[in-house]
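See structure below.
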Amino acid sequence: MSDYSIFIGLLALYIGSLVGIGLYYNKKQKTSVDFFLAGRELNALSIGFSAAASWLTAGALLAVTGFFMLLGMGSVWGFVAPNIIALLVIALLVKKLKRLPAITQPELLEMRYGGSLRGPVAIIITIVMILFAVSDIKGFSMVLEIFYGLDSLYSVLIVGAAVALYVNLGGFSAVVFTDRIQFTFLFLFVMAMAAMTTGAATDADAALSFSRMMGEVPATWYNPFSVGLPMVLIFTLSIVPGWITEQDPWQKVWAAKDDKAAQTGMIIGAVLVTLVFAGCAVIAVALNRIYPDIAAAGFPAGMAKAEPALLVFIKASGFSKFGLALCAIGPATAAMSCADTFATSGASCISRDIYQRYINPDADEKSIMRINRLSVLFIIGAATACSYFIHNIIEAIHIATFIASASYFFPLMGGLFWKRATRKGAVAGLVCGAGVQITLVIIDLVKTPPMAPGYLESLSPLLSGHGVIAGMLISGIAFVAGSYADKPVDEKQLDLFFTS
């Protein structure tokens, strides 16, 4: 039996179990709330596992390991720290969010400002979710290419078909339940790889080898501020706002059975994410000893080899056919655990905030569920198409984050905490922020040579991250100015948001 046949056999068993879970929860769905928010009955552990699994994409794990190899702990501000910080901040927002009777963020914005924002924000969130799903497909395609020499089309078909099938059957309940399984697989994979790479890098007693390996790492590698305090602030300000306002963790808060479950779940998620990234750091240190030429190339030149370095190590380690298939299952579970969340989150915007709100206001539950299932297929298909044009994994995640940050961070957070925020201000912030940020991203992508620092970053460090700080600044100014140019909102309309 060929290597690939064994992998497909194991994957079929795994996907079959996910489909079984989907069928189980399909029988329990009576309303669209059951489909979108798991009946609002999730406990803390379910939320914690799902929050962690949803933000640990297959591609991101490979990219984070690569960043650790080239930049050490100074790289945490580009992906690792924002993940953890955002989950902890969302935990602080739970009491505010949980009392709002919303299913999606666009619906919340309509409650606060009226109907002007619901459609545009739903479209933006859908685009953001598609871009996030691209990173999953790209990461898994790298696994199949290195392990089995397969074209990226196979990863698209596997992830897309599996996710569309069990999500369409079981909805958000299936997503959350399968996230437990998928996180467990992913965690065990990362820990096993940390142990194996450490052993290969030192060829000594396990305890002594780990201590010696970590002790021989240059002190600068451990310095989280090695990139400089200005860059730390730039990364934090450009990424964290977008992840705080990402829709999928908010939906987990709304799906929780109570405030305590939601808050504890987000904290558990932050801890689980930290453990996985710690494992990636150990893997990176070991890989630097095994492949010293990669670190010597520096950043960004070495990233092309650093990103797939773990996969290259696995392929060269002489695993049996069955062992190699098990190693491939780890990234596959990561790809599915994130793609399913992004698909359900984006689909809820299409079905509820666009179809039900604007196209068919009288739609019954059955029609909404049907459109939601079709929307899941659309998002997976769109992510598939985009994966052929976006080649950098972290780039896809960052572009999505920056568009979200500049578009609706101020309208959303301002609406929750600033009584003076108005519809005109929110529209101005959304339009100006989205327009400027999308323009800056296009300029940066077009004018940046391959493997070179960003064009905008070369003009000024403040324009790092496709100029997202400029985009957010313009959005914030437009939001405040537009709000003060408008008459204050009636106090009765604000009661839902500001009455304890």
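Chain labels run A, B, ... following the order of the structure tokens; each chain numbers its residues from 1, and ligands are numbered from 1 in the order shown.
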Quiz prompt | Close residues, stretch 279-295 of chain A itself excluded, 6 Å, only C-alpha atoms, min 6 positions apart in chain, as a count of residues only | solution = 10
Quiz item: Residues of stretch 20-199 of chain A in alpha helix (DSSP H) according to DSSP, as JSON, numbers by chain?
Solution: {"A": [20, 21, 22, 23, 24, 25, 26, 32, 33, 34, 35, 36, 37, 44, 45, 46, 47, 48, 49, 50, 51, 52, 53, 54, 58, 59, 60, 61, 62, 63, 64, 65, 66, 67, 68, 69, 70, 71, 80, 81, 82, 83, 84, 85, 86, 87, 88, 89, 90, 91, 92, 93, 94, 95, 96, 97, 98, 105, 106, 107, 108, 109, 110, 111, 112, 113, 118, 119, 120, 121, 122, 123, 124, 125, 126, 127, 128, 129, 130, 131, 132, 133, 134, 135, 136, 137, 138, 139, 140, 141, 142, 143, 144, 145, 146, 147, 148, 152, 153, 154, 155, 156, 157, 158, 159, 160, 161, 162, 163, 164, 165, 166, 167, 168, 169, 170, 171, 172, 173, 174, 175, 176, 177, 178, 179, 180, 181, 182, 183, 184, 185, 186, 187, 188, 189, 190, 191, 192, 193, 194, 195, 196, 197, 198, 199]}
Please produce a file of those selected residues containing C-alpha atoms, as a CSV table (one decimal), in the first residue's frame.
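For reference, result_11.csv as written:
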```
chain,number,residue,atom,x,y,z
A,20,GLY,CA,-20.9,11.2,12.6
A,21,ILE,CA,-20.7,14.1,15.1
A,22,GLY,CA,-22.4,16.4,12.5
A,23,LEU,CA,-25.2,13.9,12.1
A,24,TYR,CA,-25.7,13.6,15.8
A,25,TYR,CA,-26.1,17.4,16.3
A,26,ASN,CA,-28.2,17.7,13.1
A,32,SER,CA,-31.3,28.9,13.4
A,33,VAL,CA,-30.1,29.9,16.9
A,34,ASP,CA,-29.3,26.2,17.4
A,35,PHE,CA,-27.3,26.2,14.2
A,36,PHE,CA,-25.5,29.5,14.7
A,37,LEU,CA,-24.9,29.5,18.5
A,44,ALA,CA,-16.3,26.9,29.7
A,45,LEU,CA,-14.2,23.9,28.6
A,46,SER,CA,-16.0,23.7,25.2
A,47,ILE,CA,-15.4,27.4,24.6
A,48,GLY,CA,-11.7,27.2,25.7
A,49,PHE,CA,-10.9,24.3,23.4
A,50,SER,CA,-12.8,25.9,20.5
A,51,ALA,CA,-11.2,29.4,21.0
A,52,ALA,CA,-7.7,27.8,20.9
A,53,ALA,CA,-8.4,25.5,18.0
A,54,SER,CA,-10.0,28.2,16.0
A,58,ALA,CA,-2.0,24.8,10.1
A,59,GLY,CA,-0.3,27.4,8.1
A,60,ALA,CA,0.2,29.7,11.1
A,61,LEU,CA,1.9,27.0,13.1
A,62,LEU,CA,4.5,26.5,10.4
A,63,ALA,CA,4.9,30.2,9.9
A,64,VAL,CA,5.3,30.9,13.7
A,65,THR,CA,7.9,28.2,13.9
A,66,GLY,CA,9.7,29.8,11.0
A,67,PHE,CA,9.6,33.3,12.7
A,68,PHE,CA,10.9,31.8,15.9
A,69,MET,CA,13.8,30.3,14.0
A,70,LEU,CA,14.8,33.6,12.3
A,71,LEU,CA,13.8,36.3,14.9
A,80,VAL,CA,1.7,34.9,19.0
A,81,ALA,CA,1.2,37.7,21.5
A,82,PRO,CA,-1.8,39.2,19.7
A,83,ASN,CA,-3.6,35.9,19.9
A,84,ILE,CA,-3.1,35.6,23.6
A,85,ILE,CA,-3.8,39.3,24.4
A,86,ALA,CA,-7.0,39.3,22.2
A,87,LEU,CA,-8.5,36.3,24.0
A,88,LEU,CA,-7.8,37.8,27.4
A,89,VAL,CA,-9.3,41.2,26.4
A,90,ILE,CA,-12.4,39.5,25.1
A,91,ALA,CA,-12.7,37.7,28.5
A,92,LEU,CA,-12.9,41.2,30.0
A,93,LEU,CA,-15.6,42.2,27.5
A,94,VAL,CA,-17.8,39.2,28.3
A,95,LYS,CA,-20.3,40.9,30.6
A,96,LYS,CA,-20.8,43.7,28.1
A,97,LEU,CA,-21.3,41.4,25.1
A,98,LYS,CA,-23.3,38.6,26.8
A,105,GLN,CA,-21.6,41.7,14.8
A,106,PRO,CA,-23.5,43.3,11.9
A,107,GLU,CA,-26.8,42.6,13.8
A,108,LEU,CA,-25.3,44.3,16.9
A,109,LEU,CA,-24.3,47.3,14.9
A,110,GLU,CA,-27.8,47.7,13.5
A,111,MET,CA,-29.1,47.6,17.1
A,112,ARG,CA,-26.7,50.4,18.0
A,113,TYR,CA,-26.8,52.6,14.9
A,118,ARG,CA,-25.3,45.9,8.8
A,119,GLY,CA,-24.9,45.0,5.1
A,120,PRO,CA,-21.5,46.6,4.5
A,121,VAL,CA,-20.0,45.1,7.7
A,122,ALA,CA,-21.4,41.7,6.9
A,123,ILE,CA,-19.7,41.8,3.5
A,124,ILE,CA,-16.4,42.9,5.1
A,125,ILE,CA,-16.6,40.1,7.7
A,126,THR,CA,-17.3,37.6,5.0
A,127,ILE,CA,-14.2,38.7,3.1
A,128,VAL,CA,-12.1,38.6,6.2
A,129,MET,CA,-13.3,35.0,7.0
A,130,ILE,CA,-12.4,33.9,3.5
A,131,LEU,CA,-8.9,35.3,3.8
A,132,PHE,CA,-8.4,33.6,7.2
A,133,ALA,CA,-9.6,30.3,5.6
A,134,VAL,CA,-6.9,30.8,2.9
A,135,SER,CA,-4.2,30.3,5.5
A,136,ASP,CA,-5.6,26.9,6.4
A,137,ILE,CA,-5.7,25.7,2.9
A,138,LYS,CA,-2.2,27.0,2.1
A,139,GLY,CA,-0.7,25.4,5.2
A,140,PHE,CA,-2.2,22.0,4.6
A,141,SER,CA,-1.2,22.2,0.9
A,142,MET,CA,2.4,22.6,2.0
A,143,VAL,CA,2.1,19.4,4.0
A,144,LEU,CA,0.7,17.4,1.1
A,145,GLU,CA,3.3,18.8,-1.3
A,146,ILE,CA,6.3,18.0,0.9
A,147,PHE,CA,5.1,14.7,2.2
A,148,TYR,CA,3.5,13.2,-0.9
A,152,SER,CA,-2.4,22.1,-3.7
A,153,LEU,CA,-5.7,21.2,-5.3
A,154,TYR,CA,-5.8,18.0,-3.2
A,155,SER,CA,-5.6,20.0,0.1
A,156,VAL,CA,-8.4,22.3,-1.2
A,157,LEU,CA,-10.7,19.3,-1.9
A,158,ILE,CA,-9.9,17.5,1.3
A,159,VAL,CA,-10.4,20.5,3.7
A,160,GLY,CA,-13.2,22.0,1.7
A,161,ALA,CA,-15.3,18.8,1.3
A,162,ALA,CA,-14.8,17.7,5.0
A,163,VAL,CA,-15.6,21.0,6.5
A,164,ALA,CA,-18.5,21.7,4.3
A,165,LEU,CA,-20.0,18.3,5.1
A,166,TYR,CA,-19.8,18.1,8.9
A,167,VAL,CA,-20.5,21.9,9.4
A,168,ASN,CA,-23.5,21.8,7.2
A,169,LEU,CA,-24.8,18.8,9.1
A,170,GLY,CA,-24.2,19.8,12.7
A,171,GLY,CA,-23.7,23.6,12.6
A,172,PHE,CA,-21.9,25.4,15.4
A,173,SER,CA,-22.5,22.6,17.9
A,174,ALA,CA,-20.5,20.2,15.6
A,175,VAL,CA,-17.8,22.9,15.1
A,176,VAL,CA,-17.3,23.3,18.9
A,177,PHE,CA,-17.4,19.6,19.6
A,178,THR,CA,-14.9,18.7,16.8
A,179,ASP,CA,-12.7,21.5,17.9
A,180,ARG,CA,-11.9,19.5,21.1
A,181,ILE,CA,-10.8,16.6,19.1
A,182,GLN,CA,-8.9,18.7,16.6
A,183,PHE,CA,-7.1,20.7,19.3
A,184,THR,CA,-6.1,17.4,21.1
A,185,PHE,CA,-4.6,16.0,17.9
A,186,LEU,CA,-2.8,19.3,17.2
A,187,PHE,CA,-1.4,19.6,20.7
A,188,LEU,CA,-0.1,16.0,20.7
A,189,PHE,CA,1.5,16.6,17.3
A,190,VAL,CA,3.3,19.8,18.4
A,191,MET,CA,4.5,18.2,21.7
A,192,ALA,CA,5.7,15.0,19.8
A,193,MET,CA,7.6,17.2,17.3
A,194,ALA,CA,9.2,19.2,20.1
A,195,ALA,CA,10.5,16.0,21.6
A,196,MET,CA,11.7,14.5,18.3
A,197,THR,CA,13.4,17.6,17.1
A,198,THR,CA,15.1,18.1,20.4
A,199,GLY,CA,16.4,14.5,20.3
```
Practice problem: For A:Gln247, please output as a list in words all residues within 7 Å (counting only C-alpha atoms; exclusion window: fewer than 3 positions along the same chain). | Solution: Gln105, Trp250, Gln251 and Ser345 of chain A
Self-check item: Test item: residues at most 8 Å from stretch 469-486 of chain A, only C-alpha atoms, excluding those fewer than 2 positions along its chain, as a PyMOL selection string
Solution: chain A and resi 234+237-238+405-407+410-411+420-434+436-437+462-465+467+488
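You can rank A:Ser75, A:Thr202, A:Ser17, A:Thr236 by their closest distance to A:Thr401 using only C-alpha atoms, and at the top of that list sits A:Thr236.
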